[in-house]
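Chemist: The following file, start_1.cif, comprises mmCIF, C-alpha atoms, pLDDT in the B column; chains and numbers go by the auth columns:
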data_data
#
loop_
_atom_site.group_PDB
_atom_site.id
_atom_site.type_symbol
_atom_site.label_atom_id
_atom_site.label_comp_id
_atom_site.label_asym_id
_atom_site.label_seq_id
_atom_site.Cartn_x
_atom_site.Cartn_y
_atom_site.Cartn_z
_atom_site.B_iso_or_equiv
_atom_site.auth_seq_id
_atom_site.auth_asym_id
ATOM 1 C CA TYR A 1 -55.160 46.705 -25.367 44.00 924 A
ATOM 2 C CA THR A 2 -52.001 48.249 -26.720 48.00 925 A
ATOM 3 C CA VAL A 3 -49.279 48.437 -24.097 52.00 926 A
ATOM 4 C CA PHE A 4 -46.188 50.637 -24.219 53.00 927 A
ATOM 5 C CA ASN A 5 -43.128 50.818 -22.037 56.00 928 A
ATOM 6 C CA ALA A 6 -43.029 54.247 -20.327 53.00 929 A
ATOM 7 C CA GLU A 7 -39.594 54.829 -21.876 59.00 930 A
ATOM 8 C CA GLN A 8 -41.252 54.756 -25.324 57.00 931 A
ATOM 9 C CA ILE A 9 -43.593 57.660 -24.554 56.00 932 A
ATOM 10 C CA ASP A 10 -42.557 61.318 -24.534 62.00 933 A
ATOM 11 C CA GLY A 11 -43.537 63.371 -21.498 63.00 934 A
ATOM 12 C CA VAL A 12 -44.022 60.501 -19.024 56.00 935 A
ATOM 13 C CA PRO A 13 -42.158 61.282 -15.798 60.00 936 A
ATOM 14 C CA GLU A 14 -39.450 58.832 -14.772 60.00 937 A
ATOM 15 C CA LEU A 15 -40.600 56.242 -12.263 52.00 938 A
ATOM 16 C CA GLN A 16 -39.224 56.938 -8.802 51.00 939 A
ATOM 17 C CA THR A 17 -38.051 53.639 -7.315 53.00 940 A
ATOM 18 C CA GLY A 18 -36.517 55.005 -4.137 51.00 941 A
ATOM 19 C CA ALA A 19 -32.956 55.758 -3.214 52.00 942 A
ATOM 20 C CA LYS A 20 -30.321 53.428 -4.605 56.00 943 A
ATOM 21 C CA LEU A 21 -27.932 51.886 -2.126 56.00 944 A
ATOM 22 C CA ASP A 22 -24.415 53.265 -2.307 63.00 945 A
ATOM 23 C CA PHE A 23 -22.848 49.832 -1.947 65.00 946 A
ATOM 24 C CA ASN A 24 -19.484 49.664 -0.180 73.00 947 A
ATOM 25 C CA PRO A 25 -18.324 46.036 -0.101 79.00 948 A
ATOM 26 C CA VAL A 26 -17.125 44.473 3.136 88.00 949 A
ATOM 27 C CA GLU A 27 -13.794 42.942 2.144 92.00 950 A
ATOM 28 C CA ARG A 28 -13.828 39.976 4.522 93.00 951 A
ATOM 29 C CA ALA A 29 -17.434 39.049 3.701 94.00 952 A
ATOM 30 C CA GLU A 30 -16.661 39.227 -0.019 93.00 953 A
ATOM 31 C CA ALA A 31 -13.573 37.070 0.544 93.00 954 A
ATOM 32 C CA MET A 32 -15.579 34.412 2.397 94.00 955 A
ATOM 33 C CA ILE A 33 -18.248 34.230 -0.319 95.00 956 A
ATOM 34 C CA SER A 34 -15.566 34.215 -3.011 94.00 957 A
ATOM 35 C CA ALA A 35 -13.710 31.370 -1.267 94.00 958 A
ATOM 36 C CA LEU A 36 -16.935 29.359 -1.069 95.00 959 A
ATOM 37 C CA GLN A 37 -17.373 29.784 -4.821 95.00 960 A
ATOM 38 C CA GLU A 38 -13.740 29.067 -5.714 93.00 961 A
ATOM 39 C CA GLN A 39 -13.238 26.121 -3.365 92.00 962 A
ATOM 40 C CA THR A 40 -16.567 24.352 -4.027 94.00 963 A
ATOM 41 C CA GLY A 41 -17.865 25.511 -7.403 95.00 964 A
ATOM 42 C CA LEU A 42 -20.960 27.166 -5.955 95.00 965 A
ATOM 43 C CA ILE A 43 -22.551 29.525 -8.467 94.00 966 A
ATOM 44 C CA VAL A 44 -23.765 32.904 -7.167 95.00 967 A
ATOM 45 C CA VAL A 45 -25.999 34.846 -9.556 95.00 968 A
ATOM 46 C CA HIS A 46 -27.175 38.435 -9.050 94.00 969 A
ATOM 47 C CA GLY A 47 -30.413 39.594 -10.622 89.00 970 A
ATOM 48 C CA GLY A 48 -34.108 39.048 -10.213 86.00 971 A
ATOM 49 C CA SER A 49 -36.179 39.939 -7.189 87.00 972 A
ATOM 50 C CA LYS A 50 -35.812 36.951 -4.842 91.00 973 A
ATOM 51 C CA ALA A 51 -33.004 35.376 -2.884 93.00 974 A
ATOM 52 C CA CYS A 52 -32.791 31.596 -2.738 93.00 975 A
ATOM 53 C CA TYR A 53 -30.534 28.576 -2.873 93.00 976 A
ATOM 54 C CA MET A 54 -31.484 26.111 -5.598 92.00 977 A
ATOM 55 C CA PRO A 55 -30.138 22.666 -4.596 89.00 978 A
ATOM 56 C CA ALA A 56 -30.794 21.064 -7.996 89.00 979 A
ATOM 57 C CA LEU A 57 -28.605 23.693 -9.697 93.00 980 A
ATOM 58 C CA ASP A 58 -26.254 24.249 -6.731 94.00 981 A
ATOM 59 C CA GLU A 59 -26.838 27.948 -7.220 95.00 982 A
ATOM 60 C CA VAL A 60 -27.430 30.929 -4.932 96.00 983 A
ATOM 61 C CA ARG A 61 -29.610 33.603 -6.500 96.00 984 A
ATOM 62 C CA LEU A 62 -29.591 37.123 -5.088 95.00 985 A
ATOM 63 C CA PRO A 63 -31.152 40.413 -6.198 93.00 986 A
ATOM 64 C CA ALA A 64 -28.678 43.082 -7.350 91.00 987 A
ATOM 65 C CA LYS A 65 -26.638 44.513 -4.481 88.00 988 A
ATOM 66 C CA ALA A 66 -28.020 48.005 -5.061 86.00 989 A
ATOM 67 C CA SER A 67 -31.593 46.773 -4.517 87.00 990 A
ATOM 68 C CA PHE A 68 -31.007 46.027 -0.815 86.00 991 A
ATOM 69 C CA HIS A 69 -31.850 48.569 1.896 84.00 992 A
ATOM 70 C CA SER A 70 -28.396 48.329 3.463 85.00 993 A
ATOM 71 C CA VAL A 71 -25.040 46.646 3.063 88.00 994 A
ATOM 72 C CA TYR A 72 -25.913 44.511 6.088 89.00 995 A
ATOM 73 C CA ASP A 73 -29.186 43.388 4.468 90.00 996 A
ATOM 74 C CA TYR A 74 -27.266 42.251 1.387 92.00 997 A
ATOM 75 C CA TYR A 75 -24.607 40.309 3.277 93.00 998 A
ATOM 76 C CA SER A 76 -26.986 38.746 5.781 93.00 999 A
ATOM 77 C CA THR A 77 -29.143 37.540 2.887 94.00 1000 A
ATOM 78 C CA ALA A 78 -26.136 36.300 0.886 96.00 1001 A
ATOM 79 C CA MET A 79 -24.724 34.490 3.913 95.00 1002 A
ATOM 80 C CA HIS A 80 -28.121 32.990 4.725 94.00 1003 A
ATOM 81 C CA GLU A 81 -28.403 31.538 1.211 96.00 1004 A
ATOM 82 C CA CYS A 82 -24.748 30.422 1.230 96.00 1005 A
ATOM 83 C CA GLY A 83 -25.508 28.702 4.535 96.00 1006 A
ATOM 84 C CA HIS A 84 -28.192 26.662 2.764 94.00 1007 A
ATOM 85 C CA SER A 85 -25.609 25.665 0.143 95.00 1008 A
ATOM 86 C CA SER A 86 -23.655 23.747 2.779 94.00 1009 A
ATOM 87 C CA LEU A 87 -26.263 20.971 2.482 91.00 1010 A
ATOM 88 C CA HIS A 88 -24.802 20.019 -0.932 91.00 1011 A
ATOM 89 C CA GLU A 89 -23.039 16.626 -1.005 90.00 1012 A
ATOM 90 C CA SER A 90 -19.777 18.269 -2.132 90.00 1013 A
ATOM 91 C CA ARG A 91 -19.757 20.450 0.985 91.00 1014 A
ATOM 92 C CA MET A 92 -21.172 19.272 4.314 92.00 1015 A
ATOM 93 C CA ASN A 93 -23.639 16.796 2.776 88.00 1016 A
ATOM 94 C CA ARG A 94 -26.499 17.882 5.046 85.00 1017 A
ATOM 95 C CA ARG A 95 -29.146 16.124 2.940 76.00 1018 A
ATOM 96 C CA GLU A 96 -31.325 15.532 6.003 72.00 1019 A
ATOM 97 C CA ALA A 97 -31.923 19.291 5.955 66.00 1020 A
ATOM 98 C CA LEU A 98 -33.964 19.030 2.767 66.00 1021 A
ATOM 99 C CA SER A 99 -37.651 19.267 3.466 61.00 1022 A
ATOM 100 C CA LYS A 100 -40.456 17.421 1.795 62.00 1023 A
ATOM 101 C CA MET A 101 -42.541 20.575 1.489 61.00 1024 A
ATOM 102 C CA TRP A 102 -42.360 24.294 2.213 61.00 1025 A
ATOM 103 C CA GLY A 103 -42.995 25.081 5.860 64.00 1026 A
ATOM 104 C CA ASP A 104 -42.641 21.567 7.275 71.00 1027 A
ATOM 105 C CA GLU A 105 -40.460 20.892 10.320 79.00 1028 A
ATOM 106 C CA ALA A 106 -37.345 20.075 8.279 80.00 1029 A
ATOM 107 C CA TYR A 107 -37.782 23.304 6.316 81.00 1030 A
ATOM 108 C CA ALA A 108 -38.218 25.300 9.516 83.00 1031 A
ATOM 109 C CA MET A 109 -35.090 23.763 11.047 86.00 1032 A
ATOM 110 C CA GLU A 110 -33.097 24.595 7.926 89.00 1033 A
ATOM 111 C CA GLU A 111 -34.315 28.196 8.018 88.00 1034 A
ATOM 112 C CA LEU A 112 -33.272 28.429 11.673 89.00 1035 A
ATOM 113 C CA ARG A 113 -29.813 27.030 10.833 91.00 1036 A
ATOM 114 C CA ALA A 114 -29.289 29.380 7.891 93.00 1037 A
ATOM 115 C CA GLU A 115 -30.426 32.495 9.771 91.00 1038 A
ATOM 116 C CA ILE A 116 -28.221 31.785 12.785 92.00 1039 A
ATOM 117 C CA CYS A 117 -25.338 30.981 10.431 95.00 1040 A
ATOM 118 C CA SER A 118 -25.901 34.318 8.684 94.00 1041 A
ATOM 119 C CA ALA A 119 -25.699 36.238 11.973 92.00 1042 A
ATOM 120 C CA ILE A 120 -22.524 34.376 13.004 94.00 1043 A
ATOM 121 C CA LEU A 121 -20.864 35.019 9.635 95.00 1044 A
ATOM 122 C CA ALA A 122 -21.822 38.704 9.645 93.00 1045 A
ATOM 123 C CA ALA A 123 -20.226 39.118 13.058 92.00 1046 A
ATOM 124 C CA GLU A 124 -17.111 37.126 12.093 93.00 1047 A
ATOM 125 C CA THR A 125 -16.546 38.954 8.802 93.00 1048 A
ATOM 126 C CA GLY A 126 -17.044 42.468 10.177 91.00 1049 A
ATOM 127 C CA VAL A 127 -20.364 43.339 8.584 90.00 1050 A
ATOM 128 C CA SER A 128 -21.612 46.063 10.905 84.00 1051 A
ATOM 129 C CA MET A 129 -25.109 45.665 12.246 81.00 1052 A
ATOM 130 C CA SER A 130 -27.557 47.856 14.101 77.00 1053 A
ATOM 131 C CA GLN A 131 -30.173 47.021 16.694 81.00 1054 A
ATOM 132 C CA ALA A 132 -32.715 46.931 13.860 79.00 1055 A
ATOM 133 C CA HIS A 133 -30.716 44.172 12.158 78.00 1056 A
ATOM 134 C CA ILE A 134 -30.555 42.176 15.381 81.00 1057 A
ATOM 135 C CA ASP A 135 -34.308 42.623 15.788 83.00 1058 A
ATOM 136 C CA ASN A 136 -34.872 41.424 12.205 80.00 1059 A
ATOM 137 C CA HIS A 137 -32.849 38.252 12.857 78.00 1060 A
ATOM 138 C CA ALA A 138 -34.821 37.655 16.061 82.00 1061 A
ATOM 139 C CA ALA A 139 -38.181 38.141 14.321 81.00 1062 A
ATOM 140 C CA TYR A 140 -37.202 35.775 11.512 78.00 1063 A
ATOM 141 C CA LEU A 141 -36.032 33.129 13.975 78.00 1064 A
ATOM 142 C CA LYS A 142 -39.201 33.540 16.033 80.00 1065 A
ATOM 143 C CA SER A 143 -41.378 32.955 12.979 75.00 1066 A
ATOM 144 C CA TRP A 144 -39.735 29.573 12.294 77.00 1067 A
ATOM 145 C CA ILE A 145 -39.303 28.418 15.896 77.00 1068 A
ATOM 146 C CA LYS A 146 -43.113 28.167 16.113 76.00 1069 A
ATOM 147 C CA VAL A 147 -42.988 25.256 13.648 71.00 1070 A
ATOM 148 C CA VAL A 148 -40.609 23.281 15.839 74.00 1071 A
ATOM 149 C CA ALA A 149 -42.125 24.363 19.176 79.00 1072 A
ATOM 150 C CA ALA A 150 -42.820 20.745 20.140 78.00 1073 A
ATOM 151 C CA ASP A 151 -39.058 20.207 20.467 81.00 1074 A
ATOM 152 C CA PRO A 152 -37.623 22.505 23.154 78.00 1075 A
ATOM 153 C CA MET A 153 -34.079 21.609 22.045 85.00 1076 A
ATOM 154 C CA ALA A 154 -34.669 22.626 18.412 85.00 1077 A
ATOM 155 C CA ILE A 155 -33.125 26.083 18.729 84.00 1078 A
ATOM 156 C CA PHE A 156 -30.028 24.646 20.425 89.00 1079 A
ATOM 157 C CA SER A 157 -29.681 21.992 17.750 89.00 1080 A
ATOM 158 C CA ALA A 158 -30.086 24.614 15.015 89.00 1081 A
ATOM 159 C CA ALA A 159 -27.503 26.873 16.688 91.00 1082 A
ATOM 160 C CA LYS A 160 -24.996 24.020 16.939 95.00 1083 A
ATOM 161 C CA ASP A 161 -25.477 23.137 13.273 94.00 1084 A
ATOM 162 C CA ALA A 162 -25.249 26.823 12.272 95.00 1085 A
ATOM 163 C CA GLU A 163 -21.936 27.137 14.083 97.00 1086 A
ATOM 164 C CA LEU A 164 -20.606 24.147 12.137 96.00 1087 A
ATOM 165 C CA MET A 165 -21.874 25.638 8.863 96.00 1088 A
ATOM 166 C CA ALA A 166 -20.247 29.008 9.594 97.00 1089 A
ATOM 167 C CA GLY A 167 -17.014 27.287 10.631 96.00 1090 A
ATOM 168 C CA TYR A 168 -16.990 25.337 7.397 96.00 1091 A
ATOM 169 C CA MET A 169 -17.358 28.474 5.265 95.00 1092 A
ATOM 170 C CA LEU A 170 -14.804 30.466 7.253 95.00 1093 A
ATOM 171 C CA GLY A 171 -12.471 27.471 7.011 95.00 1094 A
ATOM 172 C CA LEU A 172 -12.679 27.581 3.213 93.00 1095 A
ATOM 173 C CA GLU A 173 -11.559 31.204 3.307 91.00 1096 A
ATOM 174 C CA LYS A 174 -8.616 30.362 5.595 91.00 1097 A
ATOM 175 C CA GLN A 175 -7.685 27.404 3.413 89.00 1098 A
ATOM 176 C CA ARG A 176 -7.718 29.563 0.271 86.00 1099 A
ATOM 177 C CA ASP A 177 -5.651 32.273 1.984 83.00 1100 A
ATOM 178 C CA ALA A 178 -3.137 29.677 3.213 85.00 1101 A
ATOM 179 C CA MET A 179 -2.798 28.220 -0.268 82.00 1102 A
ATOM 180 C CA ALA A 180 -2.331 31.728 -1.746 79.00 1103 A
ATOM 181 C CA GLY A 181 0.327 32.505 0.886 76.00 1104 A
ATOM 182 C CA ALA A 182 2.210 29.270 0.183 73.00 1105 A
ATOM 183 C CA SER A 183 2.302 29.915 -3.552 67.00 1106 A
ATOM 184 C CA GLY A 184 3.178 33.620 -3.291 61.00 1107 A
#
Could you quickly redo this structure as structure tokens?
Modeler:
Amino acid sequence: YTVFNAEQIDGVPELQTGAKLDFNPVERAEAMISALQEQTGLIVVHGGSKACYMPALDEVRLPAKASFHSVYDYYSTAMHECGHSSLHESRMNRREALSKMWGDEAYAMEELRAEICSAILAAETGVSMSQAHIDNHAAYLKSWIKVVAADPMAIFSAAKDAELMAGYMLGLEKQRDAMAGASG
């Protein structure tokens, strides 16, 4: 078969991919992510279709900002993946959070931590959320809590760890701002 890109053919209507997000950055959220990068060397790459933290590369990968449904969706995803990056030995050294395989109990606990951390950071940095966003966080948490259902304290443990993770990242922002203020 001969295959052509639609852009190479005259008369083919342009593919409608839906409305593009008019992205208005949230200054404090951007500052926190920027501080995490500057203070720790974390690499954040935009592009592709999936969001993830890659421990071996110490890299957060995110789709382009305009591909998200809302500004909140972008920041909650970015903060979730940045939360995972706190497991790196140069940050909080949470190596016990690494799972042996996708979906095991350690993986589920790490997903709980990162999602709670994301919600805390969104609230702390002023990323406005709707009831739908709260419901999305709850549904995501519920899907992973099933894996650790044998431990009734799992959600409390994850919440405690998430608070420490969020505090660490917010602390980097404060530290950077303090250093900038002292030099300026």
Chemist: Give as a ChimeraX atom specification the set of residues within 8 Å of the point (-37.0, 26.7, 11.9), where distances use the file's coordinates and only C-alpha atoms.
Modeler: /A:1028-1036,1064,1066-1071,1078,1081
Chemist: With the PyMOL selection byres ((chain A and resi 1011) around 12) as the selection, what would be picked from this file? Answer as a ChimeraX atom specification, please.
Modeler: /A:963-965,976-983,1005-1010,1012-1021,1088
Chemist: Can you work out which one of A:Ala974, A:Leu959, A:Ser993, A:Val968 has the shortest atom-to-atom distance to Asn947 in chain A, counting only C-alpha atoms?
Modeler: A:Ser993
Chemist: Rank A:Lys1065, A:His1060, A:Lys973, A:Arg984 by their smallest atom-to-atom distance to Cys1040 in chain A, using only C-alpha atoms, and report the top residue only.
Modeler: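 Using only C-alpha atoms, Cys1040 in chain A sits closest to A:His1060.
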Chemist: In Å to one decimal, how far is CA of Ile1039 in chain A from CA of Leu985 in chain A?
Modeler: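 CA of Ile1039 in chain A lies at a distance of 18.7 Å from CA of Leu985 in chain A.
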Chemist: Please measure the separation of CA of Ala954 in chain A and CA of Leu1087 in chain A, giving the value in Å to one decimal.
Modeler: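 Answer for the CA of Ala954 in chain A to CA of Leu1087 in chain A separation: 18.7 Å.
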Chemist: Go through the shown structure with the PyMOL selection byres ((chain A and resi 1093) around 12) and write out the matching residues as number ranges by chain.
Modeler: A: 951-959, 962, 1002, 1005-1006, 1009, 1040-1041, 1043-1048, 1086-1092, 1094-1100
Chemist: What gap, in Å, lies between CA of Phe1079 in chain A and CA of His1056 in chain A?
Modeler: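 These two atoms are separated by 21.2 Å.
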Chemist: Give me the box for range 1032-1041 of chain A as AutoDock Vina command-line options, namely the centre and edge lengths in Å to one decimal of a box along x, y and z that holds every listed atom plus 6 Å on each side.
Modeler:
--center_x -30.2 --center_y 29.0 --center_z 10.3 --size_x 21.8 --size_y 22.6 --size_z 16.9
Chemist: Take the PyMOL selection byres ((chain A and resi 1052) around 10), apply it to the structure above, and return the hits as a list in words.
Modeler: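 With the PyMOL selection byres ((chain A and resi 1052) around 10) on this model, the match is Ser993, Val994, Tyr995, Asp996, Ser999, Ala1042, Ala1045, Ala1046, Gly1049, Val1050, Ser1051, Ser1053, Gln1054, Ala1055, His1056 and Ile1057 of chain A.
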Chemist: Counting all atoms listed in the file, which residues sit no farther than 7 Å from the position (-33.9, 35.1, 2.4) in the file's frame? I'd like them as a short mmCIF file (atom, residue, chain, number, x, y, z; two decimals) with C-alpha atoms, in the frame of the given file.
Modeler:
data_model
loop_
_atom_site.label_atom_id
_atom_site.label_comp_id
_atom_site.auth_asym_id
_atom_site.auth_seq_id
_atom_site.Cartn_x
_atom_site.Cartn_y
_atom_site.Cartn_z
CA ALA A 974 -33.00 35.38 -2.88
CA CYS A 975 -32.79 31.60 -2.74
CA THR A 1000 -29.14 37.54 2.89
CA HIS A 1003 -28.12 32.99 4.72
CA GLU A 1004 -28.40 31.54 1.21
#
